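Data from start.csv: CSV, C-alpha atoms and all ligand atoms
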```
chain,number,residue,atom,x,y,z
V,1,MET,CA,117.0,142.2,94.9
V,2,LYS,CA,116.8,138.4,95.1
V,3,ARG,CA,114.8,136.2,92.7
V,4,ASP,CA,112.0,135.4,95.2
V,5,ALA,CA,111.6,139.1,96.0
V,6,ILE,CA,111.4,140.0,92.3
V,7,GLU,CA,108.7,137.4,91.8
V,8,THR,CA,106.7,138.9,94.8
V,9,PHE,CA,107.3,142.5,93.5
V,10,PHE,CA,105.7,141.8,90.1
V,11,ALA,CA,103.0,139.4,91.4
V,12,THR,CA,101.9,142.1,93.7
V,13,LEU,CA,101.8,144.8,91.0
V,14,ALA,CA,100.1,142.4,88.6
V,15,ALA,CA,97.4,141.5,91.1
V,16,ALA,CA,96.6,145.2,91.7
V,17,ASN,CA,96.5,146.0,88.0
V,18,PRO,CA,96.2,142.9,85.7
V,19,HIS,CA,95.9,144.9,82.5
V,20,PRO,CA,98.1,147.9,82.7
V,21,ALA,CA,98.1,150.3,79.7
V,22,THR,CA,99.8,153.4,78.5
V,23,GLU,CA,98.2,156.7,79.5
V,24,LEU,CA,98.8,158.2,76.1
V,25,VAL,CA,95.6,158.4,74.0
V,26,TYR,CA,95.7,156.8,70.5
V,27,SER,CA,93.5,154.9,68.2
V,28,SER,CA,95.9,153.3,65.8
V,29,VAL,CA,99.5,152.1,65.7
V,30,PHE,CA,100.4,155.3,63.8
V,31,GLU,CA,98.9,157.5,66.4
V,32,LEU,CA,100.7,155.6,69.1
V,33,LEU,CA,104.0,156.1,67.3
V,34,ALA,CA,103.3,159.8,66.9
V,35,ALA,CA,102.2,160.3,70.5
V,36,VAL,CA,105.3,158.6,71.8
V,37,LEU,CA,107.5,160.6,69.5
V,38,LEU,CA,106.0,163.8,70.8
V,39,SER,CA,106.2,162.7,74.5
V,40,ALA,CA,110.0,163.3,75.1
V,41,GLN,CA,110.3,165.7,78.0
V,42,ALA,CA,106.5,166.2,78.1
V,43,THR,CA,103.8,164.7,80.3
V,44,ASP,CA,101.3,162.2,78.9
V,45,VAL,CA,98.6,164.7,79.9
V,46,GLY,CA,100.2,167.5,77.9
V,47,VAL,CA,100.8,165.2,74.9
V,48,ASN,CA,97.1,164.0,75.0
V,49,LYS,CA,95.9,167.6,74.9
V,50,ALA,CA,98.0,168.4,71.8
V,51,THR,CA,97.3,165.1,70.0
V,52,ARG,CA,93.5,165.5,70.4
V,53,ARG,CA,93.7,168.4,68.0
V,54,LEU,CA,96.4,167.0,65.9
V,55,PHE,CA,94.9,163.5,65.3
V,56,ALA,CA,91.5,165.0,64.5
V,57,LEU,CA,93.1,166.8,61.6
V,58,ALA,CA,95.7,164.1,60.6
V,59,PRO,CA,95.0,160.6,61.8
V,60,THR,CA,97.2,159.0,59.1
V,61,PRO,CA,100.8,159.4,57.9
V,62,GLN,CA,99.5,160.7,54.5
V,63,LYS,CA,97.4,163.4,56.2
V,64,MET,CA,100.1,164.3,58.6
V,65,LEU,CA,102.5,164.7,55.7
V,66,ALA,CA,100.0,166.9,53.9
V,67,LEU,CA,99.6,169.0,57.0
V,68,GLY,CA,103.3,169.8,56.8
V,69,VAL,CA,105.8,170.9,59.5
V,70,GLU,CA,104.2,174.4,60.0
V,71,GLY,CA,100.7,172.9,60.3
V,72,VAL,CA,101.9,170.2,62.8
V,73,ALA,CA,103.9,172.7,64.8
V,74,GLU,CA,100.8,174.9,65.1
V,75,GLN,CA,98.8,172.1,66.7
V,76,ILE,CA,101.5,170.9,69.1
V,77,LYS,CA,103.0,174.2,70.3
V,78,THR,CA,101.9,173.6,73.9
V,79,ILE,CA,104.5,170.9,74.3
V,80,GLY,CA,108.2,171.2,74.7
V,81,LEU,CA,110.6,171.1,71.7
V,82,TYR,CA,107.6,171.3,69.4
V,83,ARG,CA,109.4,172.6,66.4
V,84,ASN,CA,111.9,169.8,66.3
V,85,LYS,CA,109.2,167.3,67.1
V,86,ALA,CA,107.0,168.6,64.2
V,87,LYS,CA,110.0,168.3,61.8
V,88,HIS,CA,110.7,164.7,63.0
V,89,LEU,CA,107.1,163.6,62.8
V,90,VAL,CA,106.5,164.9,59.3
V,91,GLU,CA,109.8,163.4,58.1
V,92,THR,CA,108.8,160.1,59.8
V,93,CYS,CA,105.5,160.2,57.9
V,94,ARG,CA,107.3,160.7,54.6
V,95,ILE,CA,109.3,157.5,55.3
V,96,LEU,CA,106.3,155.6,56.4
V,97,VAL,CA,104.5,156.5,53.2
V,98,GLU,CA,107.4,156.1,50.8
V,99,GLN,CA,109.0,153.0,52.3
V,100,HIS,CA,106.4,151.2,54.4
V,101,GLY,CA,103.2,151.6,52.5
V,102,GLY,CA,101.8,154.0,55.1
V,103,GLU,CA,102.2,151.4,57.9
V,104,VAL,CA,104.3,151.5,61.1
V,105,PRO,CA,107.0,148.8,60.8
V,106,GLY,CA,107.2,146.2,63.5
V,107,THR,CA,111.0,145.8,63.8
V,108,ARG,CA,113.4,147.6,66.0
V,109,GLU,CA,115.8,148.3,63.1
V,110,ALA,CA,113.1,150.0,60.9
V,111,LEU,CA,111.6,151.9,63.8
V,112,GLU,CA,115.0,153.3,65.0
V,113,ALA,CA,115.7,154.4,61.4
V,114,LEU,CA,112.7,156.9,61.6
V,115,PRO,CA,113.6,160.5,62.5
V,116,GLY,CA,113.0,161.3,66.2
V,117,VAL,CA,112.6,157.6,67.1
V,118,GLY,CA,115.2,156.3,69.5
V,119,ARG,CA,115.6,153.1,71.4
V,120,LYS,CA,113.0,154.1,74.0
V,121,THR,CA,110.3,155.1,71.5
V,122,ALA,CA,110.9,151.9,69.6
V,123,ASN,CA,110.6,149.8,72.8
V,124,VAL,CA,107.3,151.4,73.6
V,125,VAL,CA,105.9,150.8,70.1
V,126,LEU,CA,107.2,147.2,70.0
V,127,ASN,CA,105.7,146.5,73.4
V,128,VAL,CA,102.3,148.3,73.2
V,129,ALA,CA,101.5,147.7,69.5
V,130,PHE,CA,103.3,144.4,68.8
V,131,GLY,CA,103.2,142.8,72.2
V,132,GLU,CA,107.0,142.3,72.5
V,133,PRO,CA,108.5,142.0,76.0
V,134,THR,CA,110.6,145.2,75.6
V,135,MET,CA,111.5,147.6,78.4
V,136,ALA,CA,111.4,151.3,77.6
V,137,VAL,CA,113.4,152.8,80.4
V,138,ASP,CA,112.1,156.4,81.1
V,139,THR,CA,112.9,158.5,84.2
V,140,HIS,CA,110.4,156.6,86.3
V,141,ILE,CA,111.7,153.1,85.5
V,142,PHE,CA,115.3,154.3,85.8
V,143,ARG,CA,114.5,155.6,89.3
V,144,VAL,CA,112.4,152.6,90.5
V,145,GLY,CA,115.0,150.1,89.1
V,146,ASN,CA,117.8,151.8,91.0
V,147,ARG,CA,116.0,152.7,94.2
V,148,THR,CA,114.4,149.4,94.9
V,149,GLY,CA,117.4,147.3,94.0
V,150,LEU,CA,115.5,145.6,91.2
V,151,ALA,CA,118.0,146.6,88.5
V,152,PRO,CA,120.7,149.1,89.6
V,153,GLY,CA,122.5,150.7,86.7
V,154,THR,CA,124.1,154.0,85.8
V,155,THR,CA,122.5,154.3,82.3
V,156,PRO,CA,119.0,153.6,81.0
V,157,LEU,CA,120.4,150.9,78.8
V,158,ALA,CA,122.1,149.1,81.7
V,159,VAL,CA,118.8,149.2,83.7
V,160,GLU,CA,116.9,148.0,80.6
V,161,LEU,CA,119.2,145.0,80.1
V,162,LYS,CA,119.2,144.1,83.7
V,163,LEU,CA,115.4,144.3,84.0
V,164,LEU,CA,115.0,142.1,80.9
V,165,LYS,CA,117.3,139.5,82.4
V,166,ARG,CA,115.8,139.6,85.9
V,167,ILE,CA,112.1,139.9,85.4
V,168,PRO,CA,110.4,136.5,85.3
V,169,PRO,CA,109.1,135.7,81.7
V,170,ALA,CA,105.4,135.7,82.8
V,171,TYR,CA,105.6,139.4,83.7
V,172,ARG,CA,107.9,140.7,80.9
V,173,VAL,CA,105.2,142.1,78.5
V,174,HIS,CA,103.5,144.2,81.1
V,175,ALA,CA,106.5,145.0,83.4
V,176,HIS,CA,107.2,148.2,81.6
V,177,HIS,CA,103.8,149.7,82.4
V,178,TRP,CA,103.7,148.4,86.0
V,179,LEU,CA,107.0,150.1,86.7
V,180,ILE,CA,106.1,153.4,85.0
V,181,LEU,CA,102.8,153.6,86.9
V,182,HIS,CA,104.4,152.6,90.1
V,183,GLY,CA,107.1,155.3,89.7
V,184,ARG,CA,104.6,157.9,88.6
V,185,TYR,CA,102.0,157.4,91.4
V,186,VAL,CA,103.8,155.7,94.3
V,187,CYS,CA,107.6,155.6,94.1
V,188,GLN,CA,107.7,159.2,93.2
V,189,ALA,CA,110.9,161.1,92.6
V,190,ARG,CA,111.1,163.6,95.4
V,191,ALA,CA,109.3,161.7,98.1
V,192,PRO,CA,108.3,158.1,97.6
V,193,ARG,CA,105.0,157.1,99.2
V,194,CYS,CA,106.5,154.1,101.0
V,195,GLY,CA,103.6,154.1,103.5
V,196,ALA,CA,101.2,153.4,100.7
V,197,CYS,CA,103.4,151.0,98.8
V,198,ALA,CA,102.3,147.5,98.1
V,199,VAL,CA,105.8,146.2,97.4
V,200,ARG,CA,107.4,147.8,100.5
V,201,THR,CA,108.3,144.4,102.1
V,202,VAL,CA,110.5,143.4,99.2
V,203,CYS,CA,111.9,146.8,98.3
V,204,GLY,CA,115.6,147.3,99.1
V,205,PHE,CA,115.5,151.1,99.5
V,206,ARG,CA,117.3,151.9,102.8
V,207,GLU,CA,115.5,155.2,103.4
V,208,LYS,CA,111.9,154.1,103.3
V,209,ASN,CA,109.5,156.6,104.8
V,210,ASP,CA,105.9,156.4,106.1
V,211,ARG,CA,104.4,158.8,103.7
V,212,PRO,CA,100.9,157.6,102.6
I,1,LIG,S1,108.9,151.1,99.5
I,1,LIG,FE1,109.2,153.2,98.9
I,1,LIG,S2,111.1,153.2,97.8
I,1,LIG,FE2,110.4,151.1,97.9
I,1,LIG,S3,109.2,150.8,96.0
I,1,LIG,FE3,107.8,151.4,97.6
I,1,LIG,S4,107.6,153.7,97.4
I,1,LIG,FE4,109.5,153.0,96.3
```

Could I get this file's structure written as structure tokens?
Ligand code: SF4
Amino acid sequence: MKRDAIETFFATLAAANPHPATELVYSSVFELLAAVLLSAQATDVGVNKATRRLFALAPTPQKMLALGVEGVAEQIKTIGLYRNKAKHLVETCRILVEQHGGEVPGTREALEALPGVGRKTANVVLNVAFGEPTMAVDTHIFRVGNRTGLAPGTTPLAVELKLLKRIPPAYRVHAHHWLILHGRYVCQARAPRCGACAVRTVCGFREKNDRP
């Protein structure tokens, strides 16, 4: 996709939704980290259902640590991989309490050192909580980046780096949410809704349809 088209692509998404936000429900940086950690291979709706119960019992790393692996697992067993996620979350809380004064650190290095926190989770936390222009490439962003010609790549990291290079600076902080929401609701996996797509004119997908 050419530079002008990329500018139009993001200007259009920005005009439609000037303040995009994550659909995960949280009320602190710690809850955001926990929700993202639990969200691998689960929907935001499913995670929100589980965290409503979990965060009511344990809204801080100290309380989550006290709840323990079994206690956390009991609250999140409706989401996939819950045993491993419970283990990672409690171990992460131990490190937050012992090494970071109970706070979520704001650097990639410290975040990625936490159990269950990979590059994608760190990117979400750095973006949403600390306002950094990071790009957490999930299945939606990977698909939209490739399909539209915005940032073709064979791996999430290749797409991430290309997006960071190509997206005009003014759009970088919010780009991650615009792309996720666009992929989730319009440029859907099985059948994109090209007939209802605001960026259709600049999209490079050869097999556009008329689906509303
Ligand atoms: S035109 Fe179709 S393929 Fe292109 S971004 Fe829109 S929904 Fe996706």

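Distances here use all atoms listed in the file; by that measure, the residue among V:Leu89, V:Ala113, V:Ala175, V:Ala196 closest to Ala11 of chain V is V:Ala175.
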
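You can rank V:Leu126, V:Ala15, V:Gln75, V:His182 by their closest distance to Gly145 of chain V using all atoms listed in the file, and at the top of that list sits V:His182.
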
>> Just want the residues within 12 Å of ligand LIG 1 (chain I), written as a PyMOL selection string, counting all atoms listed in the file.
In response: chain V and resi 1+5-6+9-10+12-13+140-141+143-150+178-212

> So which residues touch Gly101 of chain V within 12 Å, counting all atoms listed in the file, skipping near sequence neighbours fewer than 4 positions away, as a PyMOL selection string?
Replying inline: chain V and resi 60-62+93-97+105

>> Just checking: using only C-alpha atoms, which residue out of V:Gly118, V:Phe142, V:Ala136, V:Thr154 ends up closest to Val173 of chain V?
In response: V:Ala136

> Excluding same-chain residues fewer than 5 positions from segment 66-72 of chain V, what lies within 12 Å of it counting only C-alpha atoms, as a PyMOL selection string?
Replying inline: chain V and resi 34+38+50-51+53-61+77-79+82-94+97

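Considering the residues V:Arg108, V:Arg52, V:Arg3, V:His176 and counting all atoms listed in the file, Val25 of chain V has its shortest atom-to-atom contact with V:Arg52.
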
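Take atom CA of Leu161 of chain V and atom CA of Val137 of chain V: the distance between them is 9.7 Å.
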
>> Quick check, in Å to one decimal: how far apart do atom CA of Lys2 of chain V and atom CA of Arg166 of chain V lie?
In response: 9.3 Å

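A straight line drawn from atom CA of Arg119 of chain V to atom CA of Leu164 of chain V is 14.5 Å long.
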
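By only C-alpha atoms, and with residues fewer than 5 positions from Pro133 of chain V along its chain excluded, the set lying at most 8 Å from it is V:Asn127, V:Arg172, V:Val173, V:His174.
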
> For Thr22 of chain V, which residue among V:Asn48, V:Thr8, V:Thr155, V:Gln41 is the nearest when counting all atoms listed in the file?
Replying inline: V:Asn48

>> From the options V:Lys162, V:His177, V:His100, V:Lys49, which residue's atoms come nearest to His19 of chain V, counting all atoms listed in the file?
In response: V:His177
